[in-house]
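*Asks:* Supplied structure: query39.cif, mmCIF, N, CA and C atoms and all ligand atoms.
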```
data_model
loop_
_atom_site.label_atom_id
_atom_site.label_comp_id
_atom_site.auth_asym_id
_atom_site.auth_seq_id
_atom_site.Cartn_x
_atom_site.Cartn_y
_atom_site.Cartn_z
N MET A 1093 46.87 -25.01 23.42
CA MET A 1093 45.77 -25.03 22.45
C MET A 1093 46.20 -25.83 21.22
N SER A 1094 45.33 -26.74 20.74
CA SER A 1094 45.70 -27.54 19.57
C SER A 1094 45.40 -26.79 18.28
N ASN A 1095 46.17 -27.12 17.26
CA ASN A 1095 45.98 -26.46 15.96
C ASN A 1095 44.95 -27.15 15.09
N GLU A 1096 44.43 -28.31 15.55
CA GLU A 1096 43.58 -29.11 14.68
C GLU A 1096 42.15 -28.60 14.58
N THR A 1097 41.65 -27.97 15.62
CA THR A 1097 40.28 -27.47 15.53
C THR A 1097 40.28 -25.98 15.24
N VAL A 1098 39.46 -25.60 14.26
CA VAL A 1098 39.34 -24.18 13.91
C VAL A 1098 38.43 -23.52 14.95
N PRO A 1099 38.85 -22.41 15.51
CA PRO A 1099 38.02 -21.75 16.53
C PRO A 1099 36.66 -21.36 15.94
N LYS A 1100 35.62 -21.40 16.77
CA LYS A 1100 34.25 -21.09 16.32
C LYS A 1100 34.15 -19.69 15.70
N SER A 1101 34.82 -18.72 16.34
CA SER A 1101 34.71 -17.33 15.86
C SER A 1101 35.24 -17.21 14.44
N SER A 1102 36.29 -17.98 14.10
CA SER A 1102 36.86 -17.94 12.78
C SER A 1102 35.87 -18.50 11.74
N LEU A 1103 35.17 -19.57 12.12
CA LEU A 1103 34.16 -20.15 11.23
C LEU A 1103 33.06 -19.13 10.95
N PHE A 1104 32.70 -18.41 12.00
CA PHE A 1104 31.64 -17.41 11.87
C PHE A 1104 32.06 -16.32 10.87
N VAL A 1105 33.34 -15.89 10.96
CA VAL A 1105 33.83 -14.87 10.04
C VAL A 1105 33.77 -15.37 8.60
N TRP A 1106 34.14 -16.64 8.39
CA TRP A 1106 34.05 -17.22 7.03
C TRP A 1106 32.62 -17.22 6.53
N TRP A 1107 31.75 -17.63 7.42
CA TRP A 1107 30.34 -17.74 7.04
C TRP A 1107 29.80 -16.36 6.62
N VAL A 1108 30.11 -15.34 7.43
CA VAL A 1108 29.64 -13.98 7.12
C VAL A 1108 30.24 -13.50 5.80
N THR A 1109 31.54 -13.78 5.60
CA THR A 1109 32.21 -13.37 4.37
C THR A 1109 31.53 -13.97 3.15
N ILE A 1110 31.22 -15.27 3.24
CA ILE A 1110 30.60 -15.96 2.11
C ILE A 1110 29.22 -15.38 1.83
N VAL A 1111 28.45 -15.12 2.88
CA VAL A 1111 27.12 -14.55 2.68
C VAL A 1111 27.22 -13.16 2.03
N ILE A 1112 28.18 -12.35 2.51
CA ILE A 1112 28.34 -11.00 1.94
C ILE A 1112 28.75 -11.09 0.47
N LEU A 1113 29.68 -12.00 0.15
CA LEU A 1113 30.09 -12.16 -1.24
C LEU A 1113 28.91 -12.56 -2.11
N PHE A 1114 28.13 -13.50 -1.60
CA PHE A 1114 26.96 -13.99 -2.34
C PHE A 1114 25.98 -12.85 -2.61
N LEU A 1115 25.72 -12.06 -1.55
CA LEU A 1115 24.79 -10.93 -1.70
C LEU A 1115 25.34 -9.90 -2.69
N SER A 1116 26.66 -9.68 -2.68
CA SER A 1116 27.27 -8.72 -3.61
C SER A 1116 27.05 -9.16 -5.06
N VAL A 1117 27.23 -10.46 -5.29
CA VAL A 1117 27.02 -10.98 -6.65
C VAL A 1117 25.56 -10.77 -7.06
N LEU A 1118 24.65 -11.08 -6.14
CA LEU A 1118 23.22 -10.89 -6.44
C LEU A 1118 22.93 -9.42 -6.77
N LEU A 1119 23.47 -8.51 -5.96
CA LEU A 1119 23.25 -7.09 -6.17
C LEU A 1119 23.81 -6.67 -7.54
N GLY A 1120 25.01 -7.16 -7.85
CA GLY A 1120 25.62 -6.86 -9.13
C GLY A 1120 24.74 -7.31 -10.28
N LEU A 1121 24.21 -8.52 -10.19
CA LEU A 1121 23.34 -9.04 -11.25
C LEU A 1121 22.07 -8.19 -11.37
N PHE A 1122 21.55 -7.77 -10.22
CA PHE A 1122 20.34 -6.96 -10.21
C PHE A 1122 20.58 -5.62 -10.90
N VAL A 1123 21.71 -4.97 -10.57
CA VAL A 1123 22.03 -3.68 -11.19
C VAL A 1123 22.23 -3.86 -12.70
N PHE A 1124 22.89 -4.95 -13.08
CA PHE A 1124 23.10 -5.24 -14.50
C PHE A 1124 21.75 -5.40 -15.21
N TYR A 1125 20.86 -6.13 -14.56
CA TYR A 1125 19.53 -6.33 -15.12
C TYR A 1125 18.81 -5.00 -15.30
N LEU A 1126 18.87 -4.14 -14.28
CA LEU A 1126 18.22 -2.83 -14.36
C LEU A 1126 18.82 -1.99 -15.49
N SER A 1127 20.15 -2.07 -15.64
CA SER A 1127 20.80 -1.26 -16.67
C SER A 1127 20.36 -1.70 -18.06
N LYS A 1128 19.95 -2.96 -18.19
CA LYS A 1128 19.51 -3.45 -19.49
C LYS A 1128 18.05 -3.12 -19.75
N THR A 1129 17.25 -3.11 -18.71
CA THR A 1129 15.81 -2.93 -18.90
C THR A 1129 15.37 -1.47 -18.79
N HIS A 1130 16.11 -0.67 -18.01
CA HIS A 1130 15.73 0.72 -17.85
C HIS A 1130 16.63 1.62 -18.67
N GLN A 1131 16.52 1.50 -19.99
CA GLN A 1131 17.39 2.26 -20.87
C GLN A 1131 16.53 3.09 -21.79
N PHE A 1132 17.04 4.26 -22.16
CA PHE A 1132 16.38 5.02 -23.21
C PHE A 1132 16.73 4.33 -24.52
N LYS A 1133 15.72 3.93 -25.26
CA LYS A 1133 15.97 3.24 -26.53
C LYS A 1133 16.91 4.06 -27.41
N ALA A 1134 16.68 5.39 -27.41
CA ALA A 1134 17.46 6.28 -28.27
C ALA A 1134 18.95 6.18 -28.01
N ASP A 1135 19.33 5.85 -26.77
CA ASP A 1135 20.75 5.84 -26.40
C ASP A 1135 21.57 4.86 -27.22
N SER A 1136 20.94 3.86 -27.80
CA SER A 1136 21.73 2.87 -28.53
C SER A 1136 21.83 3.20 -30.03
N GLY A 1137 21.30 4.34 -30.44
CA GLY A 1137 21.39 4.74 -31.84
C GLY A 1137 22.65 5.52 -32.16
N PRO A 1138 22.73 6.08 -33.37
CA PRO A 1138 23.91 6.85 -33.78
C PRO A 1138 24.16 8.04 -32.85
N THR A 1139 25.44 8.43 -32.70
CA THR A 1139 25.79 9.50 -31.76
C THR A 1139 26.27 10.76 -32.47
N PHE A 1140 26.06 10.85 -33.76
CA PHE A 1140 26.44 12.07 -34.47
C PHE A 1140 25.48 12.29 -35.64
N ILE A 1141 25.48 13.54 -36.13
CA ILE A 1141 24.67 13.88 -37.30
C ILE A 1141 25.63 14.32 -38.40
N ASP A 1142 25.41 13.86 -39.59
CA ASP A 1142 26.22 14.31 -40.72
C ASP A 1142 25.71 15.68 -41.15
N VAL A 1143 26.44 16.72 -40.71
CA VAL A 1143 25.99 18.09 -40.99
C VAL A 1143 26.73 18.70 -42.18
N SER A 1144 27.45 17.87 -42.93
CA SER A 1144 28.29 18.42 -44.00
C SER A 1144 27.49 19.18 -45.05
N SER A 1145 26.20 18.86 -45.18
CA SER A 1145 25.39 19.57 -46.19
C SER A 1145 24.58 20.71 -45.57
N TYR A 1146 24.74 20.94 -44.27
CA TYR A 1146 24.00 22.02 -43.59
C TYR A 1146 24.72 23.36 -43.81
N PRO A 1147 23.96 24.47 -43.74
CA PRO A 1147 24.60 25.79 -43.85
C PRO A 1147 25.64 25.99 -42.75
N ALA A 1148 26.66 26.81 -43.03
CA ALA A 1148 27.75 27.03 -42.08
C ALA A 1148 27.23 27.44 -40.70
N GLU A 1149 26.23 28.29 -40.69
CA GLU A 1149 25.62 28.76 -39.44
C GLU A 1149 25.11 27.59 -38.61
N MET A 1150 24.47 26.64 -39.27
CA MET A 1150 23.92 25.47 -38.57
C MET A 1150 25.03 24.53 -38.12
N GLN A 1151 26.11 24.47 -38.89
CA GLN A 1151 27.23 23.62 -38.49
C GLN A 1151 27.86 24.17 -37.21
N LYS A 1152 27.89 25.49 -37.11
CA LYS A 1152 28.43 26.13 -35.91
C LYS A 1152 27.56 25.78 -34.70
N LYS A 1153 26.24 25.87 -34.91
CA LYS A 1153 25.31 25.57 -33.83
C LYS A 1153 25.32 24.08 -33.47
N TYR A 1154 25.59 23.27 -34.47
CA TYR A 1154 25.70 21.83 -34.20
C TYR A 1154 26.82 21.57 -33.18
N HIS A 1155 27.92 22.32 -33.33
CA HIS A 1155 29.04 22.11 -32.40
C HIS A 1155 28.69 22.55 -30.99
N ILE A 1156 27.86 23.57 -30.88
CA ILE A 1156 27.40 23.98 -29.54
C ILE A 1156 26.55 22.86 -28.95
N PHE A 1157 25.66 22.34 -29.79
CA PHE A 1157 24.81 21.22 -29.37
C PHE A 1157 25.67 20.04 -28.91
N VAL A 1158 26.70 19.70 -29.70
CA VAL A 1158 27.57 18.56 -29.36
C VAL A 1158 28.23 18.79 -28.00
N ASN A 1159 28.71 20.03 -27.78
CA ASN A 1159 29.40 20.32 -26.52
C ASN A 1159 28.47 20.36 -25.33
N LYS A 1160 27.30 20.94 -25.50
CA LYS A 1160 26.42 21.19 -24.36
C LYS A 1160 25.48 20.04 -24.03
N CYS A 1161 25.07 19.29 -25.01
CA CYS A 1161 24.03 18.29 -24.77
C CYS A 1161 24.58 16.90 -24.51
N SER A 1162 25.92 16.81 -24.38
CA SER A 1162 26.50 15.49 -24.11
C SER A 1162 27.01 15.42 -22.67
N ARG A 1163 26.64 16.40 -21.88
CA ARG A 1163 27.15 16.46 -20.52
C ARG A 1163 26.56 15.37 -19.64
N CYS A 1164 25.28 15.12 -19.76
CA CYS A 1164 24.62 14.17 -18.85
C CYS A 1164 24.22 12.85 -19.52
N HIS A 1165 24.08 12.85 -20.83
CA HIS A 1165 23.76 11.61 -21.54
C HIS A 1165 24.49 11.69 -22.87
N THR A 1166 24.51 10.60 -23.61
CA THR A 1166 25.21 10.67 -24.89
C THR A 1166 24.35 11.46 -25.86
N LEU A 1167 24.96 11.88 -26.96
CA LEU A 1167 24.22 12.64 -27.97
C LEU A 1167 23.17 11.77 -28.64
N ALA A 1168 23.32 10.46 -28.51
CA ALA A 1168 22.35 9.56 -29.14
C ALA A 1168 20.94 9.88 -28.66
N ARG A 1169 20.83 10.30 -27.41
CA ARG A 1169 19.48 10.51 -26.86
C ARG A 1169 18.71 11.60 -27.61
N PRO A 1170 19.26 12.81 -27.70
CA PRO A 1170 18.54 13.79 -28.52
C PRO A 1170 18.51 13.44 -30.00
N ILE A 1171 19.60 12.87 -30.53
CA ILE A 1171 19.67 12.61 -31.97
C ILE A 1171 18.61 11.60 -32.42
N ASN A 1172 18.32 10.63 -31.58
CA ASN A 1172 17.37 9.59 -31.97
C ASN A 1172 16.02 9.70 -31.27
N SER A 1173 15.78 10.85 -30.67
CA SER A 1173 14.52 11.01 -29.91
C SER A 1173 13.31 11.08 -30.83
N GLY A 1174 13.54 11.50 -32.08
CA GLY A 1174 12.41 11.62 -32.99
C GLY A 1174 11.54 12.83 -32.70
N PHE A 1175 12.01 13.76 -31.88
CA PHE A 1175 11.22 14.96 -31.56
C PHE A 1175 11.05 15.82 -32.82
N THR A 1176 9.92 16.49 -32.89
CA THR A 1176 9.64 17.34 -34.05
C THR A 1176 10.10 18.76 -33.76
N ALA A 1177 10.11 19.59 -34.82
CA ALA A 1177 10.49 20.99 -34.69
C ALA A 1177 9.63 21.69 -33.64
N GLU A 1178 8.37 21.28 -33.54
CA GLU A 1178 7.46 21.92 -32.57
C GLU A 1178 7.80 21.51 -31.15
N GLN A 1179 8.34 20.33 -30.97
CA GLN A 1179 8.61 19.82 -29.62
C GLN A 1179 9.92 20.35 -29.03
N TRP A 1180 10.87 20.69 -29.91
CA TRP A 1180 12.21 21.01 -29.41
C TRP A 1180 12.30 22.22 -28.47
N PRO A 1181 11.67 23.36 -28.80
CA PRO A 1181 11.87 24.53 -27.93
C PRO A 1181 11.58 24.25 -26.46
N SER A 1182 10.46 23.62 -26.16
CA SER A 1182 10.15 23.40 -24.75
C SER A 1182 11.04 22.31 -24.15
N TYR A 1183 11.45 21.36 -25.00
CA TYR A 1183 12.29 20.30 -24.42
C TYR A 1183 13.68 20.82 -24.08
N VAL A 1184 14.22 21.68 -24.92
CA VAL A 1184 15.54 22.27 -24.62
C VAL A 1184 15.43 23.11 -23.34
N GLN A 1185 14.31 23.81 -23.17
CA GLN A 1185 14.09 24.57 -21.94
C GLN A 1185 14.11 23.64 -20.73
N LYS A 1186 13.45 22.49 -20.88
CA LYS A 1186 13.41 21.51 -19.80
C LYS A 1186 14.82 21.06 -19.43
N MET A 1187 15.66 20.82 -20.45
CA MET A 1187 17.05 20.40 -20.21
C MET A 1187 17.83 21.53 -19.55
N LYS A 1188 17.54 22.76 -19.99
CA LYS A 1188 18.25 23.92 -19.46
C LYS A 1188 18.01 24.06 -17.96
N LEU A 1189 16.80 23.75 -17.54
CA LEU A 1189 16.44 23.94 -16.13
C LEU A 1189 16.99 22.85 -15.21
N LYS A 1190 17.56 21.81 -15.79
CA LYS A 1190 18.13 20.75 -14.95
C LYS A 1190 19.36 21.29 -14.22
N THR A 1191 19.53 20.82 -12.97
CA THR A 1191 20.65 21.29 -12.15
C THR A 1191 21.97 21.02 -12.87
N GLY A 1192 22.80 22.04 -12.95
CA GLY A 1192 24.13 21.86 -13.53
C GLY A 1192 24.15 21.67 -15.03
N SER A 1193 23.10 22.09 -15.71
CA SER A 1193 23.03 21.87 -17.16
C SER A 1193 24.10 22.70 -17.89
N GLY A 1194 24.51 23.83 -17.29
CA GLY A 1194 25.51 24.67 -17.94
C GLY A 1194 24.96 25.39 -19.16
N LEU A 1195 23.64 25.39 -19.32
CA LEU A 1195 23.03 26.04 -20.49
C LEU A 1195 22.55 27.44 -20.14
N THR A 1196 22.89 28.40 -21.00
CA THR A 1196 22.39 29.76 -20.82
C THR A 1196 21.26 29.97 -21.81
N ASP A 1197 20.56 31.11 -21.69
CA ASP A 1197 19.51 31.43 -22.66
C ASP A 1197 20.08 31.41 -24.07
N LYS A 1198 21.29 32.00 -24.18
CA LYS A 1198 21.90 32.14 -25.50
C LYS A 1198 22.20 30.77 -26.13
N THR A 1199 22.91 29.92 -25.37
CA THR A 1199 23.26 28.62 -25.96
C THR A 1199 22.01 27.78 -26.19
N ALA A 1200 21.05 27.86 -25.26
CA ALA A 1200 19.82 27.09 -25.42
C ALA A 1200 19.10 27.50 -26.71
N ASN A 1201 19.08 28.81 -26.99
CA ASN A 1201 18.41 29.27 -28.21
C ASN A 1201 19.14 28.80 -29.46
N GLN A 1202 20.48 28.86 -29.41
CA GLN A 1202 21.25 28.40 -30.57
C GLN A 1202 21.03 26.91 -30.83
N ILE A 1203 20.99 26.16 -29.74
CA ILE A 1203 20.79 24.72 -29.88
C ILE A 1203 19.38 24.44 -30.40
N THR A 1204 18.41 25.17 -29.88
CA THR A 1204 17.03 25.00 -30.35
C THR A 1204 16.95 25.29 -31.85
N ASP A 1205 17.60 26.38 -32.30
CA ASP A 1205 17.64 26.70 -33.73
C ASP A 1205 18.14 25.50 -34.53
N PHE A 1206 19.26 24.96 -34.04
CA PHE A 1206 19.85 23.83 -34.76
C PHE A 1206 18.90 22.64 -34.80
N LEU A 1207 18.31 22.32 -33.65
CA LEU A 1207 17.47 21.13 -33.58
C LEU A 1207 16.21 21.26 -34.45
N ILE A 1208 15.70 22.49 -34.54
CA ILE A 1208 14.53 22.72 -35.40
C ILE A 1208 14.93 22.53 -36.86
N PHE A 1209 16.07 23.14 -37.22
CA PHE A 1209 16.55 22.98 -38.59
C PHE A 1209 16.77 21.49 -38.90
N ASP A 1210 17.40 20.82 -37.96
CA ASP A 1210 17.73 19.40 -38.16
C ASP A 1210 16.46 18.55 -38.27
N ALA A 1211 15.47 18.84 -37.43
CA ALA A 1211 14.23 18.06 -37.46
C ALA A 1211 13.55 18.20 -38.82
N ASN A 1212 13.69 19.37 -39.44
CA ASN A 1212 13.05 19.61 -40.73
C ASN A 1212 13.88 19.14 -41.91
N ASN A 1213 15.18 18.95 -41.69
CA ASN A 1213 16.05 18.69 -42.84
C ASN A 1213 16.82 17.37 -42.84
N ARG A 1214 16.88 16.70 -41.72
CA ARG A 1214 17.72 15.50 -41.72
C ARG A 1214 17.12 14.45 -42.64
N LYS A 1215 17.99 13.79 -43.42
CA LYS A 1215 17.52 12.82 -44.42
C LYS A 1215 16.84 11.63 -43.73
N SER A 1216 17.56 10.99 -42.85
CA SER A 1216 16.95 9.86 -42.14
C SER A 1216 17.01 10.17 -40.65
N ILE A 1217 15.82 10.33 -40.06
CA ILE A 1217 15.75 10.68 -38.65
C ILE A 1217 16.34 9.57 -37.80
N SER A 1218 16.06 8.32 -38.13
CA SER A 1218 16.71 7.26 -37.37
C SER A 1218 17.42 6.34 -38.36
N ASN A 1219 18.69 6.09 -38.07
CA ASN A 1219 19.50 5.27 -38.98
C ASN A 1219 19.53 3.82 -38.53
N ASN A 1220 18.47 3.36 -37.91
CA ASN A 1220 18.48 1.97 -37.43
C ASN A 1220 18.55 1.01 -38.60
C1 LIG B 1 22.03 18.52 -16.60
C2 LIG B 1 22.03 17.28 -17.35
C3 LIG B 1 21.47 17.32 -18.76
C4 LIG B 1 21.86 18.12 -19.80
C5 LIG B 1 22.95 19.18 -19.83
C6 LIG B 1 21.03 17.74 -20.93
N1 LIG B 1 20.18 16.72 -20.58
FE1 LIG B 1 18.85 15.80 -21.77
N2 LIG B 1 18.29 14.57 -20.26
C7 LIG B 1 18.77 14.63 -18.97
C8 LIG B 1 18.08 13.66 -18.15
C9 LIG B 1 18.33 13.42 -16.66
C10 LIG B 1 17.14 13.01 -18.99
C11 LIG B 1 16.15 11.91 -18.59
C12 LIG B 1 14.73 12.42 -18.64
C13 LIG B 1 14.48 13.51 -17.64
O1 LIG B 1 14.91 13.41 -16.48
O2 LIG B 1 13.83 14.50 -18.03
C14 LIG B 1 17.32 13.59 -20.30
C15 LIG B 1 16.62 13.20 -21.43
C16 LIG B 1 16.73 13.76 -22.66
C17 LIG B 1 16.00 13.35 -23.82
C18 LIG B 1 15.10 12.12 -23.86
C19 LIG B 1 13.69 12.42 -24.21
C20 LIG B 1 12.90 11.17 -24.49
O3 LIG B 1 11.93 10.96 -23.78
O4 LIG B 1 13.27 10.43 -25.42
C21 LIG B 1 16.33 14.19 -24.83
C22 LIG B 1 15.81 14.19 -26.25
C23 LIG B 1 17.29 15.14 -24.31
N3 LIG B 1 17.52 14.85 -22.98
C24 LIG B 1 17.85 16.18 -25.02
C25 LIG B 1 18.79 17.05 -24.54
C26 LIG B 1 19.33 18.17 -25.30
C27 LIG B 1 18.94 18.56 -26.70
C28 LIG B 1 20.25 18.78 -24.48
C29 LIG B 1 21.06 20.04 -24.78
C30 LIG B 1 20.30 21.24 -24.97
C31 LIG B 1 20.28 18.05 -23.22
N4 LIG B 1 19.39 17.01 -23.30
C32 LIG B 1 21.09 18.36 -22.17
C33 LIG B 1 19.78 15.46 -18.52
C34 LIG B 1 20.41 16.43 -19.26
#
```
What's the structure tokens form of this structure?
Ligand code: HEC
*Replies:*
Amino acid sequence: MSNETVPKSSLFVWWVTIVILFLSVLLGLFVFYLSKTHQFKADSGPTFIDVSSYPAEMQKKYHIFVNKCSRCHTLARPINSGFTAEQWPSYVQKMKLKTGSGLTDKTANQITDFLIFDANNRKSISNN
């Protein structure tokens, strides 16, 4: 057998490899595009609240909020959602019911307390 001609099967493997690589790049670009267009606007805002002027009780509840509500998304999402005191109770319930939320009635209530206080007292709701 001569070494000068590349066997047909080998060419086929190259061809398939190149097509797969090309498709992978396309898929990567597509996922990147989706990640840019399907985003919660709130996620790109600030990820903390300055609670230094809040009562000690609320600062304690803030820490529960920080621990519990950052499990599935960043804190930016609730912090910049612009939800009102009236909207928070049912929304925290909605989050509590999500699979694996790790939220109990007790923590959910404490967090709701904090979010209501925060909605009524935060100086600038969005720091954009
Ligand atoms: C089990 C995962 C999980 C936990 C824990 C969780 N969230 Fe969420 N959150 C989600 C998902 C998923 C979404 C996307 C919208 C949806 O599916 O309802 C979301 C969306 C949100 C939004 C976006 C609403 C909007 O339309 O702008 C807010 C606000 C929010 N969560 C607040 C909270 C708060 C407050 C807590 C803590 C009490 C919390 N989340 C805990 C999963 C979670």
*Asks:* Counting all atoms listed in the file, which of A:Gly1137, A:Pro1181, A:Gly1120, A:Pro1170 gets nearest to ligand LIG 1 (chain B)?
*Replies:*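 Under the stated criterion, the closest residue is A:Pro1170.
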*Asks:* What residues of the protein or nucleic acid chains come within 5 Å of ligand LIG 1 (chain B) when you use all atoms listed in the file? Reply as a VMD selection string.
*Replies:* chain A and resid 1160 to 1161 1164 1169 to 1170 1173 1184 1187 1190 to 1193
*Asks:* In Å to one decimal, how far is atom CA of A:Thr1176 from atom N of A:Thr1196?
*Replies:*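 That distance, rounded to one decimal, is 21.6 Å.
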*Asks:* Can you tell me how far atom N of A:Leu1121 sits from atom C of A:Thr1109, in Å to one decimal?
*Replies:*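 Taking atom N of A:Leu1121 and atom C of A:Thr1109, their separation equals 16.2 Å.
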*Asks:* Could you work out how far atom CA of A:Lys1133 lies from atom CA of A:Phe1206, giving the answer in Å with one decimal?
*Replies:*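 Between atom CA of A:Phe1206 and atom CA of A:Lys1133 the gap is 22.5 Å.
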*Asks:* Just the alpha helix (DSSP H) stuff from stretch 1095-1165 of chain A, please, per backbone DSSP, written as a PyMOL selection string.
*Replies:* chain A and resi 1100-1129+1148-1160
*Asks:* Next, write the just-selected residues to a file, as a short mmCIF file (atom, residue, chain, number, x, y, z; two decimals), keeping the file's coordinate frame, keeping N, CA and C atoms as the atom set.
*Replies:*
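As written to disk, selection-v9.cif reads:
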```cif
data_model
loop_
_atom_site.label_atom_id
_atom_site.label_comp_id
_atom_site.auth_asym_id
_atom_site.auth_seq_id
_atom_site.Cartn_x
_atom_site.Cartn_y
_atom_site.Cartn_z
N LYS A 1100 35.62 -21.40 16.77
CA LYS A 1100 34.25 -21.09 16.32
C LYS A 1100 34.15 -19.69 15.70
N SER A 1101 34.82 -18.72 16.34
CA SER A 1101 34.71 -17.33 15.86
C SER A 1101 35.24 -17.21 14.44
N SER A 1102 36.29 -17.98 14.10
CA SER A 1102 36.86 -17.94 12.78
C SER A 1102 35.87 -18.50 11.74
N LEU A 1103 35.17 -19.57 12.12
CA LEU A 1103 34.16 -20.15 11.23
C LEU A 1103 33.06 -19.13 10.95
N PHE A 1104 32.70 -18.41 12.00
CA PHE A 1104 31.64 -17.41 11.87
C PHE A 1104 32.06 -16.32 10.87
N VAL A 1105 33.34 -15.89 10.96
CA VAL A 1105 33.83 -14.87 10.04
C VAL A 1105 33.77 -15.37 8.60
N TRP A 1106 34.14 -16.64 8.39
CA TRP A 1106 34.05 -17.22 7.03
C TRP A 1106 32.62 -17.22 6.53
N TRP A 1107 31.75 -17.63 7.42
CA TRP A 1107 30.34 -17.74 7.04
C TRP A 1107 29.80 -16.36 6.62
N VAL A 1108 30.11 -15.34 7.43
CA VAL A 1108 29.64 -13.98 7.12
C VAL A 1108 30.24 -13.50 5.80
N THR A 1109 31.54 -13.78 5.60
CA THR A 1109 32.21 -13.37 4.37
C THR A 1109 31.53 -13.97 3.15
N ILE A 1110 31.22 -15.27 3.24
CA ILE A 1110 30.60 -15.96 2.11
C ILE A 1110 29.22 -15.38 1.83
N VAL A 1111 28.45 -15.12 2.88
CA VAL A 1111 27.12 -14.55 2.68
C VAL A 1111 27.22 -13.16 2.03
N ILE A 1112 28.18 -12.35 2.51
CA ILE A 1112 28.34 -11.00 1.94
C ILE A 1112 28.75 -11.09 0.47
N LEU A 1113 29.68 -12.00 0.15
CA LEU A 1113 30.09 -12.16 -1.24
C LEU A 1113 28.91 -12.56 -2.11
N PHE A 1114 28.13 -13.50 -1.60
CA PHE A 1114 26.96 -13.99 -2.34
C PHE A 1114 25.98 -12.85 -2.61
N LEU A 1115 25.72 -12.06 -1.55
CA LEU A 1115 24.79 -10.93 -1.70
C LEU A 1115 25.34 -9.90 -2.69
N SER A 1116 26.66 -9.68 -2.68
CA SER A 1116 27.27 -8.72 -3.61
C SER A 1116 27.05 -9.16 -5.06
N VAL A 1117 27.23 -10.46 -5.29
CA VAL A 1117 27.02 -10.98 -6.65
C VAL A 1117 25.56 -10.77 -7.06
N LEU A 1118 24.65 -11.08 -6.14
CA LEU A 1118 23.22 -10.89 -6.44
C LEU A 1118 22.93 -9.42 -6.77
N LEU A 1119 23.47 -8.51 -5.96
CA LEU A 1119 23.25 -7.09 -6.17
C LEU A 1119 23.81 -6.67 -7.54
N GLY A 1120 25.01 -7.16 -7.85
CA GLY A 1120 25.62 -6.86 -9.13
C GLY A 1120 24.74 -7.31 -10.28
N LEU A 1121 24.21 -8.52 -10.19
CA LEU A 1121 23.34 -9.04 -11.25
C LEU A 1121 22.07 -8.19 -11.37
N PHE A 1122 21.55 -7.77 -10.22
CA PHE A 1122 20.34 -6.96 -10.21
C PHE A 1122 20.58 -5.62 -10.90
N VAL A 1123 21.71 -4.97 -10.57
CA VAL A 1123 22.03 -3.68 -11.19
C VAL A 1123 22.23 -3.86 -12.70
N PHE A 1124 22.89 -4.95 -13.08
CA PHE A 1124 23.10 -5.24 -14.50
C PHE A 1124 21.75 -5.40 -15.21
N TYR A 1125 20.86 -6.13 -14.56
CA TYR A 1125 19.53 -6.33 -15.12
C TYR A 1125 18.81 -5.00 -15.30
N LEU A 1126 18.87 -4.14 -14.28
CA LEU A 1126 18.22 -2.83 -14.36
C LEU A 1126 18.82 -1.99 -15.49
N SER A 1127 20.15 -2.07 -15.64
CA SER A 1127 20.80 -1.26 -16.67
C SER A 1127 20.36 -1.70 -18.06
N LYS A 1128 19.95 -2.96 -18.19
CA LYS A 1128 19.51 -3.45 -19.49
C LYS A 1128 18.05 -3.12 -19.75
N THR A 1129 17.25 -3.11 -18.71
CA THR A 1129 15.81 -2.93 -18.90
C THR A 1129 15.37 -1.47 -18.79
N ALA A 1148 26.66 26.81 -43.03
CA ALA A 1148 27.75 27.03 -42.08
C ALA A 1148 27.23 27.44 -40.70
N GLU A 1149 26.23 28.29 -40.69
CA GLU A 1149 25.62 28.76 -39.44
C GLU A 1149 25.11 27.59 -38.61
N MET A 1150 24.47 26.64 -39.27
CA MET A 1150 23.92 25.47 -38.57
C MET A 1150 25.03 24.53 -38.12
N GLN A 1151 26.11 24.47 -38.89
CA GLN A 1151 27.23 23.62 -38.49
C GLN A 1151 27.86 24.17 -37.21
N LYS A 1152 27.89 25.49 -37.11
CA LYS A 1152 28.43 26.13 -35.91
C LYS A 1152 27.56 25.78 -34.70
N LYS A 1153 26.24 25.87 -34.91
CA LYS A 1153 25.31 25.57 -33.83
C LYS A 1153 25.32 24.08 -33.47
N TYR A 1154 25.59 23.27 -34.47
CA TYR A 1154 25.70 21.83 -34.20
C TYR A 1154 26.82 21.57 -33.18
N HIS A 1155 27.92 22.32 -33.33
CA HIS A 1155 29.04 22.11 -32.40
C HIS A 1155 28.69 22.55 -30.99
N ILE A 1156 27.86 23.57 -30.88
CA ILE A 1156 27.40 23.98 -29.54
C ILE A 1156 26.55 22.86 -28.95
N PHE A 1157 25.66 22.34 -29.79
CA PHE A 1157 24.81 21.22 -29.37
C PHE A 1157 25.67 20.04 -28.91
N VAL A 1158 26.70 19.70 -29.70
CA VAL A 1158 27.57 18.56 -29.36
C VAL A 1158 28.23 18.79 -28.00
N ASN A 1159 28.71 20.03 -27.78
CA ASN A 1159 29.40 20.32 -26.52
C ASN A 1159 28.47 20.36 -25.33
N LYS A 1160 27.30 20.94 -25.50
CA LYS A 1160 26.42 21.19 -24.36
C LYS A 1160 25.48 20.04 -24.03
#
```
*Asks:* With only C-alpha atoms as the counted atoms, please give the residues lying no more than 10 Å from A:Phe1175, apart from itself and same-chain residues fewer than 5 positions off, as an MDAnalysis selection string.
*Replies:* chainID A and resid 1170 1180 1183 1207:1208 1211 1217
